[in-house]
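Undergrad: Provided herewith is a single structure, encoded as structure tokens, for subsequent inquiry.
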Amino acid sequence: MCSSRPAAAFAIPADGRALTTDSIVRLSHVERSFGAVRALAGVDLDVVAGECLGLVGHNGAGKSTLMQILAGTLQPGSGSLVVHGRDLTAAYSVGVAQANGVRCVFQELSLCPNLSVAENARILHPSIRGFGWRRRAGALIVGKLDEIFPGHGITAGDIVGDLSLGRRQMVEIARAFSVSDGRLDLVILDEPTSSLDSIVSAQLLAFVRRFISAGGSVILISHLLNEILSTADRVVVMRDGRVVDARPAAAHSHGSLVAAMGSVAVEEKHGAGGASKRGSGTPIVEIRPERQRDSRRLTVHRGEIVGLAGLAGHGQTATLRAIFRAARGGSNAVQGSVAFVAGDRQTDGVFPLWSIAENAIISSGARLARFGVINRAGEAALAAAWKQKIGIRTPDLANPILSLSGGNQQKVLFARALGSEAEIVLMDDPMRGVDIGTKQEVYAIVKAEAERGRSFVWYTTELDELKHCDHVYVFRSGAVVADLSRAELTEEKVLQSSFEIAEAS
Amino acid sequence: MNTVAAPTRSPLARFATRPWIWSFIGALAVWVATIVFTGGKGAGEILSVALTFSSFFVIVGVGQMFVITTGPGNVDLSIPANIALSGALAMILMDGSNGMILAGLVAAVLCGVAIGCFNYILIRTLQIPPIIATLSASFIIQSIAIAYGRGLKIKPPPLLTDLVQAHILSVPLLALFVLALSVGLAFVLNRTLYGRAVTAVGQNPRAAELAGISVGRTRFLTYVLSAALAGLCGAMLAAFSGGASLNMGEEYLLASIAVVVIGGSSVAGGDSNVPGIWGASLFMYLLVTMLNTFGVGAGVRLVATGVIIIAVITIAGGKSSGRG
């Protein structure tokens with residue numbers, strides 16, 4: 001089964017040798033280790049034409065590693081990889097994957113930030129060449145964006161680095177689905193909606209269904225189980241580097257999926273969260289969003305969890321940064337020290353050359369140090385305590401941060417902020433790529449810390465998370481358009497405010 | 001991207017992965033080749049002289065290393081002009097008198113501090129890229145040095161000259177002094193909040209700012225540190241060579257950058273080490289010595305130097321596995 005074929009044959013479409021009539025990829029006994037960490041312990045996976053395969057599992061279950069192997073960016077340690085009926089294990093690479101119609105949208109975006117949207121599109125389409133290539137590449141990508149995300153507001157000439165994270169994700173997705181002269185059979189979407197708001201997510205999932213109906217295949221990885229249940233035909237559950245469950249989506253409920261993933265379903269208790277902390281005392285944050293025209297202010301009181309809602313990229317992150325700058329600059333608008341939990345972890349969070357421990361304690365170093373000299377023992381103890389508390393999945397905190405899966409890297413960023421003594425914690429949609437079990441743990445930590453008097457300002461693109469907030473501000477076009485206490489909060493109100501054209505008040 | 005260091009590795013294997021090891025291997029190889037050629041004659045003497053000259057490379061090299069560590073685009077090109085001006089200032093102030101040695105050294109360092117502040121003002125307030133800012137600053141500094149020190153023929157104080165040229169058990173006193181200085185700076189890099197801030201800023205300035213590090217302050221201190229070290233080097237060099245001259249800093253521009261790179265520090269910033277500066281400085285000096293010993297002409301010598309440096313960087317480039 002492991003015999004390799006001559007390189008010239010790779011790009012030729014499936015012939016009569018196909019193992020099953022319509023199997024696109026078939027992985028058998030795939031294993032892969034990173035040093036001491038066994039990411040994949042013998043995985044079998046089949047994807048057939050015209051199906052949407054949902055893939056779920058906890059952070060570090062091996063989902064992203066498996067997808068990297070499918071996309072050709074990682075070589076399997078052992079096992080075989082059959083694409084269109086051909087065993088390509090020996091010489092699989094990104095180029096071979098693409099020639100065989102397999103594309104991947106990674107959790108860590110792979111666009112070049114210094115290039116325009118059109119130029120990024122061209123990278124995937126070598127056939128677009130000669131005079132006017134930029135225009136043609138632009139037409140291709142914008143056409144796809146129009147198809148998937150109507151009303152996206154992106155132009156071909158935009159420099160990718162200037163786009164918000166959500167829009168970069170949209171470009172990445174549209175690019176993966178664009179076809180010039182090559183073939184496209186399977187698109188892997190790794191947490192595609194993690195930085196998209198609910199409206200854009202719905203557009204994407206609807207498009208995925210259209211793509212499936214047209215005969216294409218999609219592997220959808222998501223921690224949002226409702227997305228999986230509504231979109232996937234079949235759901236594969238991974239745990240500890242193995243496939244532990246594979247069933248049609250129709251046979252699953254939210255609860256059965258959570259159980260299959262191996263975590264105890266926590267019944268969330270919302271509402272009746274005690275009396276409002278408002279009305280007593282002066283706020284510790286009082287800030288006017290940059291594009292606020294009326295007199296409305298965003299305020300935060302001690303011990304409060306304040307949510308920022310609205311469509312992605314409508315000024316929530318900018319407001320968080322403004323609070324951060326005000327606190328660091330000693331402005332009166334913010335009373336207290338701040339810490340920031342990045343959502344865009346590559347750009348705003350991770351120090352790629354450092355160990356997990358160094359990344360975790362960077363914001364606490366100054367507090368532990370004496371006369372500017374680092375307190376190594378104190379830092380090691382703090383890092384170990386947070387590894388325990390937040391469950392960072394690693395055999396050794398001295399390992400490089402990049403050895404962790406995306407969700408575990410995010411946990412390190414949480415540990416960094418929560419482990420500091422900051423009185424106000426700013427969270428920039430921080431649950432991207434974090435599994436449901438960890439989310440529950442972090443929610444509990446946030447709640448406990450708030451009860452101890454810490455304040456949180458929490459921007460989230462997941463409506464469910466707003467239920468953990470004492471107070472929610474809905475943003476539109478860079479300004480606060482609604483101000484809801486927990487008692488008033490409903491999904492409809494948030495959505496309505498996000499879209500409302502004329503302001504009621 | 002996902003490489004994980006195996007937790008169980010022998011100390012020897014661990015040692016072999018140190019990025020600075022290649023510079024010492026290179027220095028050793030070149031030294032051995034030289035004494036094999038001379039039949040073992042003058043082995044110790046070559047080493048002693050190499051230690052003295054390397055010391056000057058190390059002083060400016062460590063400063064440049066801190067600057068390069070703060071991230072892509074950061075480099076201090078004003079080092080040669082700084083050396084010229086600080087050296088001249090120190091000589092004028094000392095005026096050949098032993099009593100003024102300390103004052104002269106302090107003045108040279110302060111001159112460097114002022115130059116560092118000036119560099120940073122250009123970079124920060126005028127938003128000029130560091131490479132242009134420090135280059136244009138160096139024209140101004142060099143012009144001041146020319147105006148100020150034209151026809152300068154002041155001999156350094158005899159005590160200072162003696163100190164700079166003294167040996168303890170045939171080890172140059174200067175090298176011991178610079179060794180102590182570099183140990184101190186290694187401590188600053190690895191064990192202080194400032195050193196950690198430098199490494200953090202070099203890897204990801206946005207993340208550093210959001211983690212609570214002042215990027216501006218860190219870069220400012222770094223440019224000042226580099227310039228202060230260059231100022232100190234200027235005074236020492238003037239003392240060593242019997243007086244300041246306007247072009248005595250010339251070779252330190254390329255050398256300061258070369259020793260950082262050969263020493264195994266990342267040109268992209270965020271990852272550096274002090275021992276490598278010593279290894280690379282010794283390598284650079286011993287390389288020239290070797291080619292001189294072989295009797296190679298000046299032109300060939302320069303070509304050979306370039307080729308060998310490229311070779312070392314290529315071989316040492318294999319250590320980059322630690323990067324993501």
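Naming works like this for the structure tokens: A, B, ... for the chains as they're shown, residue 1 at the start of each chain, ligands 1 onward in shown order.
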Within 10 Å of B:Ser170, counting only C-alpha atoms, which residues show up once you throw out same-chain ones fewer than 3 positions away? Write them as a ChimeraX atom specification, please.
TA: /B:44-45,47-49,166-167,173
Undergrad: From stretch 81-305 of chain B, collect each residue whose DSSP state is alpha helix (DSSP H) and return the set as an MDAnalysis selection string.
TA: chainID B and resid 81:94 101:124 130:149 158:165 173:191 193:203 205:210 215:240 252:262 275:293 298:305
Undergrad: Per residue of chain A within 7 Å of chain B, what are the shortest atom pair and its distance in Å to one decimal, counting only C-alpha atoms, with rows by chain and residue number, as a Markdown table?
TA:
| residue | atom | partner | partner_atom | distance |
| --- | --- | --- | --- | --- |
| A:Phe34 | CA | B:Val4 | CA | 5.8 |
| A:Gly35 | CA | B:Val4 | CA | 5.0 |
| A:Ala36 | CA | B:Ala6 | CA | 6.4 |
| A:Ala339 | CA | B:Ala211 | CA | 6.9 |
| A:Phe340 | CA | B:Leu210 | CA | 6.0 |
| A:Thr347 | CA | B:Ala207 | CA | 6.8 |
| A:Asp348 | CA | B:Ala207 | CA | 4.3 |
| A:Gly349 | CA | B:Ala207 | CA | 4.7 |
| A:Val350 | CA | B:Ala207 | CA | 6.6 |
| A:Phe351 | CA | B:Gln203 | CA | 5.9 |
| A:Pro352 | CA | B:Gly324 | CA | 6.3 |
| A:Leu353 | CA | B:Arg323 | CA | 6.0 |
| A:Ile362 | CA | B:Ala211 | CA | 6.9 |
| A:Ser363 | CA | B:Ala211 | CA | 5.5 |
| A:Ala366 | CA | B:Leu193 | CA | 6.7 |
| A:Gly372 | CA | B:Leu193 | CA | 5.4 |
| A:Val373 | CA | B:Thr192 | CA | 4.3 |
| A:Ile374 | CA | B:Thr192 | CA | 5.1 |
| A:Asn399 | CA | B:Val4 | CA | 6.3 |
| A:Pro400 | CA | B:Val4 | CA | 6.7 |
| A:Leu402 | CA | B:Asn2 | CA | 6.0 |
| A:Ser403 | CA | B:Asn2 | CA | 4.8 |
Undergrad: Put those residues in a file: all heavy atoms, as a compact mmCIF listing (two decimals), in the first residue's frame.
TA:
# COMPACT_ATOMS: atom_id res chain seq x y z
N PHE A 34 5.87 15.15 17.71
CA PHE A 34 6.78 16.29 17.82
C PHE A 34 7.59 16.08 19.08
O PHE A 34 7.10 16.32 20.17
CB PHE A 34 6.02 17.60 17.92
CG PHE A 34 5.13 17.86 16.74
CD1 PHE A 34 3.76 17.84 16.87
CD2 PHE A 34 5.68 18.13 15.51
CE1 PHE A 34 2.95 18.08 15.79
CE2 PHE A 34 4.88 18.37 14.41
CZ PHE A 34 3.52 18.35 14.55
N GLY A 35 8.84 15.63 18.92
CA GLY A 35 9.62 15.34 20.12
C GLY A 35 8.87 14.33 20.97
O GLY A 35 8.48 13.27 20.50
N ALA A 36 8.62 14.72 22.22
CA ALA A 36 7.97 13.79 23.13
C ALA A 36 6.45 13.79 22.99
O ALA A 36 5.77 12.95 23.53
CB ALA A 36 8.36 14.14 24.57
N ALA A 339 -4.08 44.65 31.46
CA ALA A 339 -3.41 43.57 30.73
C ALA A 339 -4.28 43.27 29.53
O ALA A 339 -5.48 43.51 29.54
CB ALA A 339 -3.26 42.34 31.61
N PHE A 340 -3.64 42.76 28.48
CA PHE A 340 -4.32 42.58 27.21
C PHE A 340 -4.22 41.11 26.79
O PHE A 340 -3.13 40.55 26.76
CB PHE A 340 -3.64 43.47 26.16
CG PHE A 340 -4.41 43.64 24.88
CD1 PHE A 340 -5.25 44.72 24.70
CD2 PHE A 340 -4.26 42.73 23.85
CE1 PHE A 340 -5.95 44.90 23.52
CE2 PHE A 340 -4.95 42.90 22.66
CZ PHE A 340 -5.80 43.98 22.50
N THR A 347 0.10 38.09 15.63
CA THR A 347 0.51 39.48 15.49
C THR A 347 0.66 40.17 16.84
O THR A 347 1.59 40.93 17.05
CB THR A 347 -0.55 40.24 14.66
OG1 THR A 347 -0.90 39.44 13.55
CG2 THR A 347 -0.01 41.56 14.18
N ASP A 348 -0.27 39.90 17.75
CA ASP A 348 -0.32 40.69 18.98
C ASP A 348 0.08 39.94 20.24
O ASP A 348 0.14 40.54 21.31
CB ASP A 348 -1.77 41.18 19.21
CG ASP A 348 -2.23 42.14 18.15
OD1 ASP A 348 -1.36 42.70 17.46
OD2 ASP A 348 -3.44 42.33 18.00
N GLY A 349 0.34 38.64 20.12
CA GLY A 349 0.51 37.91 21.36
C GLY A 349 1.81 37.14 21.53
O GLY A 349 2.56 37.39 22.47
N VAL A 350 2.09 36.27 20.60
CA VAL A 350 3.14 35.28 20.83
C VAL A 350 4.54 35.82 20.52
O VAL A 350 4.73 36.55 19.55
CB VAL A 350 2.85 34.03 19.96
CG1 VAL A 350 4.05 33.15 19.82
CG2 VAL A 350 1.68 33.26 20.55
N PHE A 351 5.50 35.47 21.39
CA PHE A 351 6.92 35.71 21.09
C PHE A 351 7.48 34.40 20.56
O PHE A 351 7.73 33.46 21.33
CB PHE A 351 7.67 36.16 22.34
CG PHE A 351 7.20 37.49 22.84
CD1 PHE A 351 6.35 37.57 23.92
CD2 PHE A 351 7.57 38.67 22.21
CE1 PHE A 351 5.89 38.80 24.38
CE2 PHE A 351 7.12 39.89 22.65
CZ PHE A 351 6.28 39.96 23.73
N PRO A 352 7.66 34.29 19.23
CA PRO A 352 7.87 32.98 18.62
C PRO A 352 9.17 32.29 19.00
O PRO A 352 9.26 31.08 18.89
CB PRO A 352 7.83 33.28 17.11
CG PRO A 352 8.16 34.74 17.01
CD PRO A 352 7.62 35.38 18.25
N LEU A 353 10.18 33.04 19.45
CA LEU A 353 11.47 32.40 19.75
C LEU A 353 11.55 31.92 21.19
O LEU A 353 12.51 31.28 21.58
CB LEU A 353 12.63 33.37 19.49
CG LEU A 353 12.73 33.96 18.08
CD1 LEU A 353 13.92 34.90 17.99
CD2 LEU A 353 12.87 32.85 17.06
N ILE A 362 5.84 36.94 30.92
CA ILE A 362 6.45 38.20 30.50
C ILE A 362 5.84 39.42 31.17
O ILE A 362 6.53 40.36 31.52
CB ILE A 362 6.43 38.32 28.94
CG1 ILE A 362 6.96 39.69 28.47
CG2 ILE A 362 5.04 38.10 28.37
CD1 ILE A 362 8.42 39.85 28.60
N SER A 363 4.53 39.40 31.42
CA SER A 363 3.90 40.57 32.01
C SER A 363 4.03 40.61 33.53
O SER A 363 3.65 41.58 34.16
CB SER A 363 2.41 40.62 31.64
OG SER A 363 2.27 40.81 30.25
N ALA A 366 8.24 42.10 35.85
CA ALA A 366 8.58 43.35 36.55
C ALA A 366 8.14 43.29 38.01
O ALA A 366 8.82 43.79 38.90
CB ALA A 366 7.93 44.54 35.85
N GLY A 372 15.46 45.32 38.95
CA GLY A 372 15.57 45.07 37.51
C GLY A 372 16.14 43.72 37.15
O GLY A 372 16.29 43.40 35.99
N VAL A 373 16.50 42.91 38.18
CA VAL A 373 17.05 41.58 37.91
C VAL A 373 15.93 40.56 37.99
O VAL A 373 15.14 40.54 38.93
CB VAL A 373 18.17 41.23 38.91
CG1 VAL A 373 18.68 39.82 38.65
CG2 VAL A 373 19.31 42.23 38.77
N ILE A 374 15.89 39.70 36.97
CA ILE A 374 14.83 38.70 36.86
C ILE A 374 14.87 37.71 38.01
O ILE A 374 15.94 37.22 38.39
CB ILE A 374 14.98 37.95 35.51
CG1 ILE A 374 14.65 38.90 34.36
CG2 ILE A 374 14.11 36.71 35.47
CD1 ILE A 374 15.01 38.35 33.01
N ASN A 399 9.67 23.99 26.59
CA ASN A 399 9.51 23.79 25.15
C ASN A 399 9.14 25.10 24.47
O ASN A 399 8.53 25.97 25.09
CB ASN A 399 8.40 22.77 24.88
CG ASN A 399 8.86 21.35 25.13
OD1 ASN A 399 10.06 21.09 25.23
ND2 ASN A 399 7.92 20.44 25.24
N PRO A 400 9.47 25.22 23.17
CA PRO A 400 9.10 26.45 22.47
C PRO A 400 7.59 26.64 22.40
O PRO A 400 6.85 25.65 22.30
CB PRO A 400 9.68 26.26 21.06
CG PRO A 400 10.36 24.97 21.04
CD PRO A 400 10.24 24.29 22.35
N LEU A 402 5.86 27.60 20.03
CA LEU A 402 5.30 27.15 18.76
C LEU A 402 5.09 25.64 18.72
O LEU A 402 4.50 25.12 17.78
CB LEU A 402 6.17 27.61 17.59
CG LEU A 402 6.24 29.13 17.40
CD1 LEU A 402 7.11 29.46 16.21
CD2 LEU A 402 4.86 29.72 17.22
N SER A 403 5.57 24.93 19.76
CA SER A 403 5.30 23.49 19.79
C SER A 403 3.86 23.23 20.23
O SER A 403 3.38 22.12 20.13
CB SER A 403 6.27 22.80 20.74
OG SER A 403 6.00 23.15 22.09
Undergrad: At what distance in Å, to one decimal, does atom CA of B:Ala258 lie from atom CA of B:Ile59?
TA: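 Pair atom CA of B:Ile59 / atom CA of B:Ala258 returns 13.4 Å.
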Undergrad: Point out the residue among B:Leu286, B:Val113, B:Ala244, B:Leu174 with the least atom-to-atom distance to B:Ala84, counting only C-alpha atoms.
TA: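 Of all the options, B:Ala244 lies closest to B:Ala84.
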Undergrad: Given the choices B:Pro129, B:Ile313, B:Ala114, B:Val303, which gets closest to B:Gly263 if the distance is worked out from only C-alpha atoms?
TA: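 Among B:Pro129, B:Ile313, B:Ala114, B:Val303, it is B:Ile313 that comes nearest to B:Gly263.
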Undergrad: Name the residues of stretch 138-270 of chain A that come out as strand (DSSP E) in a backbone DSSP run; write them as a PyMOL selection string.
TA: chain A and resi 186-190+217-221+234-239+242-248
Undergrad: In Å, how far is it from atom CA of B:Ala311 to atom CA of B:Ala186?
TA: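 Atom CA of B:Ala186 lies at a distance of 26.8 Å from atom CA of B:Ala311.
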Undergrad: Separation of atom CA of A:Glu491 and atom CA of A:Leu466, in Å?
TA: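 Here the two named atoms are 9.1 Å from each other.
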Undergrad: Near stretch 63-65 of chain A, within 7 Å and counting only C-alpha atoms, which residues show up once chain neighbours fewer than 3 positions away are dropped, as a PDB file with C-alpha atoms, in the first residue's frame?
TA:
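Result saved to around10.pdb:
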ATOM      1  CA  ALA A  39       0.167  14.478  18.115  1.00  0.00           C
ATOM      2  CA  GLN A  68      -1.420  20.043   7.968  1.00  0.00           C
ATOM      3  CA  ILE A  69      -0.553  16.566   6.781  1.00  0.00           C
TER       4      ILE A  69
END
Undergrad: Pick out the residues sitting within 9 Å of stretch 323-329 of chain A, and hand them over as a VMD selection string; count only C-alpha atoms, and ignore anything fewer than 3 positions along from it in its own chain.
TA: (chain A and resid 285 to 287 318 to 320 332 to 340 426) or (chain B and resid 210 212)
Undergrad: Considering only C-alpha atoms, return as a ChimeraX atom specification whatever protein or nucleic-acid residues lie within 7 Å of B:Asn82, sequence-local ones (same chain, fewer than 3 positions apart) excluded.
TA: /B:78-79,85-86,112,141,230-231
Undergrad: Show me, as a list in words, the residues that have an atom within 9 Å of A:Val244 when counting only C-alpha atoms, minus same-chain residues fewer than 3 positions from it.
TA: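 Selected residues are Val236, Val237, Met238, Arg239, Ala260 and Met261 of chain A.
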Undergrad: Write the residues of the preceding selection, restricted to all heavy atoms, as a PDB file, in the first residue's frame.
TA:
ATOM      1  N   VAL A 236     -16.615  13.594  12.694  1.00  0.00           N
ATOM      2  CA  VAL A 236     -15.532  12.771  13.220  1.00  0.00           C
ATOM      3  C   VAL A 236     -15.009  13.453  14.474  1.00  0.00           C
ATOM      4  O   VAL A 236     -14.740  14.652  14.464  1.00  0.00           O
ATOM      5  CB  VAL A 236     -14.409  12.614  12.165  1.00  0.00           C
ATOM      6  CG1 VAL A 236     -13.160  12.024  12.800  1.00  0.00           C
ATOM      7  CG2 VAL A 236     -14.892  11.761  11.003  1.00  0.00           C
ATOM      8  N   VAL A 237     -14.896  12.686  15.546  1.00  0.00           N
ATOM      9  CA  VAL A 237     -14.408  13.250  16.806  1.00  0.00           C
ATOM     10  C   VAL A 237     -13.011  12.723  17.068  1.00  0.00           C
ATOM     11  O   VAL A 237     -12.759  11.529  16.979  1.00  0.00           O
ATOM     12  CB  VAL A 237     -15.334  12.855  17.976  1.00  0.00           C
ATOM     13  CG1 VAL A 237     -14.828  13.465  19.282  1.00  0.00           C
ATOM     14  CG2 VAL A 237     -16.755  13.288  17.695  1.00  0.00           C
ATOM     15  N   MET A 238     -12.084  13.636  17.392  1.00  0.00           N
ATOM     16  CA  MET A 238     -10.717  13.220  17.715  1.00  0.00           C
ATOM     17  C   MET A 238     -10.430  13.479  19.180  1.00  0.00           C
ATOM     18  O   MET A 238     -10.918  14.432  19.767  1.00  0.00           O
ATOM     19  CB  MET A 238      -9.702  13.981  16.857  1.00  0.00           C
ATOM     20  CG  MET A 238      -9.654  13.519  15.425  1.00  0.00           C
ATOM     21  SD  MET A 238      -8.338  14.340  14.515  1.00  0.00           S
ATOM     22  CE  MET A 238      -6.902  13.495  15.173  1.00  0.00           C
ATOM     23  N   ARG A 239      -9.644  12.590  19.745  1.00  0.00           N
ATOM     24  CA  ARG A 239      -9.195  12.766  21.117  1.00  0.00           C
ATOM     25  C   ARG A 239      -7.811  12.146  21.244  1.00  0.00           C
ATOM     26  O   ARG A 239      -7.609  11.015  20.782  1.00  0.00           O
ATOM     27  CB  ARG A 239     -10.164  12.089  22.085  1.00  0.00           C
ATOM     28  CG  ARG A 239     -10.000  12.529  23.534  1.00  0.00           C
ATOM     29  CD  ARG A 239     -10.665  11.564  24.477  1.00  0.00           C
ATOM     30  NE  ARG A 239     -12.056  11.360  24.143  1.00  0.00           N
ATOM     31  CZ  ARG A 239     -12.744  10.289  24.550  1.00  0.00           C
ATOM     32  NH1 ARG A 239     -12.185   9.378  25.283  1.00  0.00           N
ATOM     33  NH2 ARG A 239     -14.001  10.149  24.214  1.00  0.00           N
ATOM     34  N   ALA A 260     -18.845  12.729  23.350  1.00  0.00           N
ATOM     35  CA  ALA A 260     -17.884  12.002  22.519  1.00  0.00           C
ATOM     36  C   ALA A 260     -16.500  12.628  22.599  1.00  0.00           C
ATOM     37  O   ALA A 260     -15.489  11.946  22.495  1.00  0.00           O
ATOM     38  CB  ALA A 260     -18.368  11.976  21.073  1.00  0.00           C
ATOM     39  N   MET A 261     -16.469  13.944  22.781  1.00  0.00           N
ATOM     40  CA  MET A 261     -15.177  14.624  22.882  1.00  0.00           C
ATOM     41  C   MET A 261     -14.506  14.328  24.224  1.00  0.00           C
ATOM     42  O   MET A 261     -13.339  14.628  24.413  1.00  0.00           O
ATOM     43  CB  MET A 261     -15.354  16.136  22.733  1.00  0.00           C
ATOM     44  CG  MET A 261     -15.580  16.549  21.286  1.00  0.00           C
ATOM     45  SD  MET A 261     -16.290  18.202  21.154  1.00  0.00           S
ATOM     46  CE  MET A 261     -14.996  19.192  21.818  1.00  0.00           C
TER      47      MET A 261
END
